[in-house]
Amino acid sequence: MSYIAPIKDMLFDIEHLANIAQVASMPGLEDAGLETAQAVLEECARFNQDVIAPLNVAGDRNPSSFKDGVVTTTPGFKEAFAQYAAGGWQGLQHPAEFGGQGLPKTIGAACGEMLNSANMSFALCPLLSDGATEALLTAGSDELKATYLEKLVSGQWTGTMNLTEPQAGSDLAMVRSRAEPQADGTYKVFGTKIFITYGEHDMAENIVHLVLARVTGAPEGVKGISLFVVPKFLVNKDGSLGARNDVHCVSIEHKLGIKASPTAVLQYGDHGGAIGYLVGQENRGLEYMFIMMNSARYAVGMQGIAVAERAYQHAVAYARDRVQSRPVDGSINASAPIIHHPDVKRMLMTMRAYVEGCRAMATVAAAAYDAAHHHADADARKQNQAFYEYMVPLVKGYSTEMSLDVASLGVQVHGGMGFIEETGAAQYLRDAKILSIYEGTTAIQANDLVGRKTARDGGQTALAIAAQIEKTEAELAGRDSADAKAVAKKLKAAREAFVDVVGFVAGQTKASPNAVFAGSVPYLMLAGNLVAGWQLARSLLVAEDLAKAGTDVAFMKAKVATARFYAEHILNKAPGIRDSIVDGAESVTALALESF
């Protein structure tokens, strides 16, 4: 099934929820208003629908291959990536100083969703390059920036992120890769890195690895980790490529999903040492790597929204065509397309509501990122930064868990045919599973939400969000419409549940850490559910007004219906989650370990 980018919904969020006019009023973003957003999104949609999406199934059935140290990507990927780079898409959000277009994240996030909906395996290569670019922009020396950034931003070279080792997964304190200082200021890097996305491929002429390693004599634990640029090919002073560096792919993984994306095992230093260049200062590598990780975590959340959107479109198309059984209300006196059946409608509405809620949440988060970096007022930058940082684990954790539910429902809508690979529904479920794992599992996102984002400031950021939600409730309650009042009721109950949990987390993290962290993932899911529901509630207010004015009435009525469905079928779960967190911690840890 072909992919159709949901431009209208994206632009609704960008205009009315993210307030693109306000974003475009900030220094450096003056040309990034709604007109620009629409033009960029329309061109991005054409490219992804016509060039990238047709390769999605091909990549699943004919994935990347490895032979004699060489990785060959799916036929068509190399040519498509050349078009992607030539179109300027890799540099969309990066500074004009290095050849980028300098557009805001509010626009870039929508383009990222399209690329991932079209082909998530393909999109992973640009995603990692974006992260490497962000890290070098923040912590790289002028020399490193001059050498690498223009080529990364153009897509001529691609980037990777090298954290994981066989013995060091999420626990980076156990990293053993080492870096030995050399007289010329470079380092020789030795070690093994696993799970390196696009660690080797044939789509670009050079690969810029950002590698965590310990300098000889560094402290133990995370305090002794440094970050290095280790290119596949060394770069001459004139910018041309020199000798092959001592980093080699020894295998690629065979995976459940995202099969076309080569996940490499990289060996550093087997032939004397890979030449590396220090990023920033020694022993501050984890700090710099978190720049890449936070960029990637938001992007992975967008992947969740993207694959869920694709699964939803696939399910709707099938439900319109598949004829099976008479409608229970007798409205058709013959077998009818299954979209007429109430439970199929329930599944499709659940998929739609999840996707639109998470897209709205992510778009608002992107606007906060832009304000945190561009707003003229320092206090506004600080407030938006705090909001964005709180939102990152929600966008990453909630949206990726959501994508699993949505992709599974997509298979269910297909019935037995969904279990058959040829229909394509199963690929979305297989591809989605990695999203709740890489760039930090859902539990790691939840730990971040508890520790850094809630307990550290006594819940003040979370309670400030709750106060904004309460204002939306008041607007809804003041409306005459039954839809607004119904959403207000559910939003109020969810917010009150959230406030209770924030109080529990802020008050008990130090005194009863096991009790709090037993409910950390449920807390993340409650928070994500609430914020997505809040954004759909805001959508309802806008859509009701626009429908009354006669603007795109059918679309606006659908926005209202989706918001009410979310409130009554998804948001209404919040009070029960509150109970499991605040009252249910003891039962999580009650069973003796030997009884498992």
# chains A, B, ... in the order shown; residues from 1 in each chain; ligands from 1
>>> closest_atom_pairs(of="stretch 371-483 of chain A", to="stretch 332-352 of chain A", cutoff="10 Å", atoms="only C-alpha atoms", output="tab-separated table")
residue	atom	partner	partner_atom	distance
A:Met402	CA	A:Met351	CA	8.9
A:Ser403	CA	A:Met351	CA	8.8
A:Asp405	CA	A:Met351	CA	8.1
A:Val406	CA	A:Met351	CA	5.2
A:Ala407	CA	A:Met351	CA	8.3
A:Ser408	CA	A:Met351	CA	9.7
A:Leu409	CA	A:Met347	CA	6.4
A:Gly410	CA	A:Met351	CA	8.0
A:Gln412	CA	A:Met347	CA	8.5
A:Val413	CA	A:Val344	CA	6.5
A:His414	CA	A:Ile338	CA	9.6
>>> residues_around(residues="A:Phe498", least_positions_apart="5", cutoff="10 Å", atoms="only C-alpha atoms", output="number ranges by chain")
A: 462-463, 466, 492-493, 503-504, 523, 526-527, 529-530, 574-575, 577-578
>>> write_last_selection(atoms="C-alpha atoms", output="PDB file, in the first residue's frame")
ATOM      1  CA  ALA A 462       5.418  18.834  36.052  1.00  0.00           C
ATOM      2  CA  LEU A 463       3.059  20.913  38.208  1.00  0.00           C
ATOM      3  CA  ALA A 466      -0.626  20.638  35.128  1.00  0.00           C
ATOM      4  CA  LYS A 492      -9.723  16.981  34.750  1.00  0.00           C
ATOM      5  CA  ALA A 493      -9.708  13.448  36.166  1.00  0.00           C
ATOM      6  CA  GLY A 503       3.485  14.457  44.566  1.00  0.00           C
ATOM      7  CA  PHE A 504       4.231  10.813  45.288  1.00  0.00           C
ATOM      8  CA  TYR A 523       4.179   7.321  35.548  1.00  0.00           C
ATOM      9  CA  LEU A 526       0.301   8.443  32.513  1.00  0.00           C
ATOM     10  CA  ALA A 527       2.199  11.654  31.775  1.00  0.00           C
ATOM     11  CA  ASN A 529      -1.279   9.994  27.944  1.00  0.00           C
ATOM     12  CA  LEU A 530      -2.222  13.219  29.727  1.00  0.00           C
ATOM     13  CA  ALA A 574      -5.235   7.712  33.918  1.00  0.00           C
ATOM     14  CA  PRO A 575      -6.962   7.344  37.320  1.00  0.00           C
ATOM     15  CA  ILE A 577      -2.708   4.081  36.481  1.00  0.00           C
ATOM     16  CA  ARG A 578      -2.497   6.531  39.373  1.00  0.00           C
TER      17      ARG A 578
END
>>> closest_residue(among="A:Gly199, A:Gly131, A:Gly451, A:Gly415", to="A:Val71", atoms="only C-alpha atoms")
A:Gly199
>>> select_by_dssp(residues="stretch 112-222 of chain A", states="alpha helix (DSSP H)", output="VMD selection string")
chain A and resid 112 to 118 120 to 139 142 to 144 150 to 154
>>> atom_distance(atom1="atom CA of A:Glu356", atom2="atom CA of A:Ala563")
8.8 Å
>>> residues_around(residues="A:Cys125", least_positions_apart="2", cutoff="9 Å", atoms="only C-alpha atoms", output="short mmCIF file (atom, residue, chain, number, x, y, z; two decimals) with N, CA and C atoms, in the first residue's frame")
data_model
loop_
_atom_site.label_atom_id
_atom_site.label_comp_id
_atom_site.auth_asym_id
_atom_site.auth_seq_id
_atom_site.Cartn_x
_atom_site.Cartn_y
_atom_site.Cartn_z
N SER A 121 13.82 2.00 8.01
CA SER A 121 15.19 1.49 7.86
C SER A 121 16.08 2.51 7.16
N PHE A 122 15.56 3.13 6.12
CA PHE A 122 16.31 4.14 5.39
C PHE A 122 16.55 5.36 6.27
N ALA A 123 15.54 5.78 7.01
CA ALA A 123 15.58 7.02 7.79
C ALA A 123 16.60 6.98 8.91
N LEU A 127 19.11 9.99 10.61
CA LEU A 127 18.88 10.24 12.04
C LEU A 127 20.19 10.26 12.80
N LEU A 128 21.06 9.28 12.55
CA LEU A 128 22.34 9.22 13.25
C LEU A 128 23.26 10.34 12.82
N SER A 129 23.19 10.73 11.56
CA SER A 129 24.00 11.86 11.09
C SER A 129 23.57 13.15 11.79
N ASP A 130 22.28 13.32 12.00
CA ASP A 130 21.79 14.50 12.71
C ASP A 130 22.37 14.56 14.12
N THR A 158 28.25 10.41 6.30
CA THR A 158 27.23 10.11 7.30
C THR A 158 27.88 9.89 8.66
N GLY A 159 27.08 9.93 9.71
CA GLY A 159 27.60 9.80 11.07
C GLY A 159 27.02 8.63 11.81
N THR A 160 27.73 8.21 12.87
CA THR A 160 27.23 7.14 13.74
C THR A 160 27.44 7.52 15.20
N THR A 197 24.26 1.38 14.29
CA THR A 197 23.36 1.60 13.16
C THR A 197 24.10 2.31 12.03
N TYR A 198 24.04 1.73 10.84
CA TYR A 198 24.75 2.22 9.66
C TYR A 198 26.24 2.43 9.96
N SER A 261 18.29 -1.72 7.53
CA SER A 261 19.27 -0.88 8.22
C SER A 261 20.39 -1.77 8.75
#
>>> residues_around(residues="A:Tyr298", least_positions_apart="6", cutoff="7 Å", atoms="only C-alpha atoms", output="NGL selection string")
:A and (392 or 395-396)
>>> closest_atom_pairs(of="stretch 101-218 of chain A", to="stretch 81-88 of chain A", cutoff="8 Å", atoms="only C-alpha atoms", output="Markdown table")
| residue | atom | partner | partner_atom | distance |
| --- | --- | --- | --- | --- |
| A:Gln101 | CA | A:Gly88 | CA | 7.9 |
| A:Ser154 | CA | A:Ala85 | CA | 6.0 |
| A:Gly155 | CA | A:Ala85 | CA | 4.9 |
| A:Gln156 | CA | A:Ala85 | CA | 7.1 |
| A:Met203 | CA | A:Phe81 | CA | 6.6 |
>>> write_last_selection(atoms="N, CA and C atoms", output="tab-separated table (two decimals), in the first residue's frame")
chain	number	residue	atom	x	y	z
A	101	GLN	N	19.88	24.53	6.07
A	101	GLN	CA	18.81	25.50	5.79
A	101	GLN	C	18.35	26.25	7.03
A	154	SER	N	25.68	18.10	4.41
A	154	SER	CA	25.30	17.90	3.00
A	154	SER	C	24.84	16.48	2.71
A	155	GLY	N	25.21	15.53	3.61
A	155	GLY	CA	24.93	14.13	3.34
A	155	GLY	C	26.00	13.45	2.53
A	156	GLN	N	27.07	14.18	2.21
A	156	GLN	CA	28.18	13.56	1.48
A	156	GLN	C	28.84	12.49	2.36
A	203	MET	N	26.41	3.87	1.05
A	203	MET	CA	25.60	4.99	0.59
A	203	MET	C	26.35	6.32	0.61
>>> residues_around(residues="A:Leu394", least_positions_apart="5", cutoff="10 Å", atoms="only C-alpha atoms", output="list in words")
Arg297, Tyr298, Gly301, Cys358, Met361, Ala362, Ala365, Tyr388, Glu389, Ser399, Thr400, Thr442, Gln445, Ala446, Leu449, Tyr523, Leu524, Met525, Leu526, Ala527, Gly528, Asn529, Val531 and Ala532 of chain A
>>> write_last_selection(atoms="N, CA and C atoms", output="PDB file, in the first residue's frame")
ATOM      1  N   ARG A 297      16.715  10.534  20.931  1.00  0.00           N
ATOM      2  CA  ARG A 297      15.531  10.094  21.672  1.00  0.00           C
ATOM      3  C   ARG A 297      14.265  10.769  21.144  1.00  0.00           C
ATOM      4  N   TYR A 298      14.338  12.057  20.913  1.00  0.00           N
ATOM      5  CA  TYR A 298      13.178  12.732  20.317  1.00  0.00           C
ATOM      6  C   TYR A 298      12.889  12.135  18.935  1.00  0.00           C
ATOM      7  N   GLY A 301      11.107   8.898  19.121  1.00  0.00           N
ATOM      8  CA  GLY A 301       9.686   9.120  19.379  1.00  0.00           C
ATOM      9  C   GLY A 301       8.930   9.431  18.096  1.00  0.00           C
ATOM     10  N   CYS A 358      -0.136  11.842  19.834  1.00  0.00           N
ATOM     11  CA  CYS A 358       1.321  11.859  19.969  1.00  0.00           C
ATOM     12  C   CYS A 358       1.965  12.837  18.995  1.00  0.00           C
ATOM     13  N   MET A 361       1.551  16.232  20.560  1.00  0.00           N
ATOM     14  CA  MET A 361       2.473  16.374  21.682  1.00  0.00           C
ATOM     15  C   MET A 361       3.892  16.642  21.188  1.00  0.00           C
ATOM     16  N   ALA A 362       4.337  15.888  20.205  1.00  0.00           N
ATOM     17  CA  ALA A 362       5.695  16.030  19.692  1.00  0.00           C
ATOM     18  C   ALA A 362       5.886  17.372  18.990  1.00  0.00           C
ATOM     19  N   ALA A 365       6.305  20.015  21.602  1.00  0.00           N
ATOM     20  CA  ALA A 365       7.643  19.879  22.173  1.00  0.00           C
ATOM     21  C   ALA A 365       8.684  20.491  21.247  1.00  0.00           C
ATOM     22  N   TYR A 388      10.750  21.374  27.375  1.00  0.00           N
ATOM     23  CA  TYR A 388      11.216  20.437  26.349  1.00  0.00           C
ATOM     24  C   TYR A 388      11.903  19.229  26.979  1.00  0.00           C
ATOM     25  N   GLU A 389      12.757  19.473  27.958  1.00  0.00           N
ATOM     26  CA  GLU A 389      13.474  18.367  28.591  1.00  0.00           C
ATOM     27  C   GLU A 389      12.501  17.409  29.281  1.00  0.00           C
ATOM     28  N   SER A 399       5.328   7.523  22.892  1.00  0.00           N
ATOM     29  CA  SER A 399       5.047   7.350  21.459  1.00  0.00           C
ATOM     30  C   SER A 399       5.525   6.007  20.934  1.00  0.00           C
ATOM     31  N   THR A 400       6.619   5.493  21.469  1.00  0.00           N
ATOM     32  CA  THR A 400       7.110   4.205  20.977  1.00  0.00           C
ATOM     33  C   THR A 400       6.295   3.047  21.534  1.00  0.00           C
ATOM     34  N   THR A 442      12.246   1.967  27.520  1.00  0.00           N
ATOM     35  CA  THR A 442      11.188   2.740  28.157  1.00  0.00           C
ATOM     36  C   THR A 442      11.479   2.935  29.644  1.00  0.00           C
ATOM     37  N   GLN A 445      13.939   5.757  30.004  1.00  0.00           N
ATOM     38  CA  GLN A 445      13.235   7.043  29.860  1.00  0.00           C
ATOM     39  C   GLN A 445      12.464   7.385  31.134  1.00  0.00           C
ATOM     40  N   ALA A 446      11.863   6.355  31.724  1.00  0.00           N
ATOM     41  CA  ALA A 446      11.077   6.573  32.939  1.00  0.00           C
ATOM     42  C   ALA A 446      11.972   6.939  34.116  1.00  0.00           C
ATOM     43  N   LEU A 449      12.713  10.489  33.721  1.00  0.00           N
ATOM     44  CA  LEU A 449      11.542  11.301  34.075  1.00  0.00           C
ATOM     45  C   LEU A 449      11.399  11.427  35.589  1.00  0.00           C
ATOM     46  N   TYR A 523       4.187   5.861  35.438  1.00  0.00           N
ATOM     47  CA  TYR A 523       4.179   7.321  35.548  1.00  0.00           C
ATOM     48  C   TYR A 523       4.453   7.962  34.192  1.00  0.00           C
ATOM     49  N   LEU A 524       5.436   7.443  33.468  1.00  0.00           N
ATOM     50  CA  LEU A 524       5.720   7.964  32.138  1.00  0.00           C
ATOM     51  C   LEU A 524       4.504   7.812  31.223  1.00  0.00           C
ATOM     52  N   MET A 525       3.880   6.651  31.276  1.00  0.00           N
ATOM     53  CA  MET A 525       2.726   6.408  30.411  1.00  0.00           C
ATOM     54  C   MET A 525       1.549   7.302  30.786  1.00  0.00           C
ATOM     55  N   LEU A 526       1.362   7.539  32.072  1.00  0.00           N
ATOM     56  CA  LEU A 526       0.301   8.443  32.513  1.00  0.00           C
ATOM     57  C   LEU A 526       0.588   9.859  32.020  1.00  0.00           C
ATOM     58  N   ALA A 527       1.834  10.301  32.187  1.00  0.00           N
ATOM     59  CA  ALA A 527       2.199  11.654  31.775  1.00  0.00           C
ATOM     60  C   ALA A 527       2.051  11.832  30.265  1.00  0.00           C
ATOM     61  N   GLY A 528       2.530  10.850  29.491  1.00  0.00           N
ATOM     62  CA  GLY A 528       2.393  10.928  28.042  1.00  0.00           C
ATOM     63  C   GLY A 528       0.942  10.929  27.613  1.00  0.00           C
ATOM     64  N   ASN A 529       0.149  10.071  28.226  1.00  0.00           N
ATOM     65  CA  ASN A 529      -1.279   9.994  27.944  1.00  0.00           C
ATOM     66  C   ASN A 529      -1.946  11.340  28.209  1.00  0.00           C
ATOM     67  N   VAL A 531      -0.548  14.440  28.437  1.00  0.00           N
ATOM     68  CA  VAL A 531      -0.108  15.537  27.576  1.00  0.00           C
ATOM     69  C   VAL A 531      -0.656  15.375  26.161  1.00  0.00           C
ATOM     70  N   ALA A 532      -0.681  14.150  25.645  1.00  0.00           N
ATOM     71  CA  ALA A 532      -1.274  13.915  24.327  1.00  0.00           C
ATOM     72  C   ALA A 532      -2.765  14.254  24.352  1.00  0.00           C
TER      73      ALA A 532
END
>>> closest_residue(among="A:Met174, A:His16, A:Ile437, A:Thr186", to="A:Pro219", atoms="only C-alpha atoms")
A:Met174
>>> residues_around(residues="A:Ser481", least_positions_apart="5", cutoff="10 Å", atoms="only C-alpha atoms", output="list in words")
Leu476, Ala486 and Glu544 of chain A
>>> write_last_selection(atoms="C-alpha atoms", output="short mmCIF file (atom, residue, chain, number, x, y, z; two decimals), in the first residue's frame")
data_model
loop_
_atom_site.label_atom_id
_atom_site.label_comp_id
_atom_site.auth_asym_id
_atom_site.auth_seq_id
_atom_site.Cartn_x
_atom_site.Cartn_y
_atom_site.Cartn_z
CA LEU A 476 -13.58 23.42 27.59
CA ALA A 486 -17.08 15.45 27.87
CA GLU A 544 -14.92 23.78 16.92
#
>>> residues_around(residues="A:Ala264", least_positions_apart="3", cutoff="10 Å", atoms="only C-alpha atoms", output="list in words")
Phe66, Val71, Lys193, Ile194, Phe195, Ile196, Thr197, Tyr198, Gly199, Glu200, His201, His248, Cys249, Val250, Ser251, Ile252, Glu253, Ser261 and Gln267 of chain A
>>> write_last_selection(atoms="C-alpha atoms", output="tab-separated table (two decimals), in the first residue's frame")
chain	number	residue	atom	x	y	z
A	66	PHE	CA	27.64	-8.40	4.59
A	71	VAL	CA	28.09	-4.00	3.60
A	193	LYS	CA	31.40	-1.66	19.53
A	194	ILE	CA	28.12	-3.45	18.84
A	195	PHE	CA	24.66	-2.42	17.61
A	196	ILE	CA	26.09	0.42	15.51
A	197	THR	CA	23.36	1.60	13.16
A	198	TYR	CA	24.75	2.22	9.66
A	199	GLY	CA	28.21	1.55	11.08
A	200	GLU	CA	29.19	0.31	7.63
A	201	HIS	CA	27.36	0.85	4.34
A	248	HIS	CA	36.36	-2.39	10.37
A	249	CYS	CA	32.98	-4.04	10.31
A	250	VAL	CA	33.21	-7.69	11.29
A	251	SER	CA	29.51	-8.58	11.01
A	252	ILE	CA	25.99	-7.19	10.88
A	253	GLU	CA	23.02	-8.38	12.93
A	261	SER	CA	19.27	-0.88	8.22
A	267	GLN	CA	36.32	-3.49	15.59
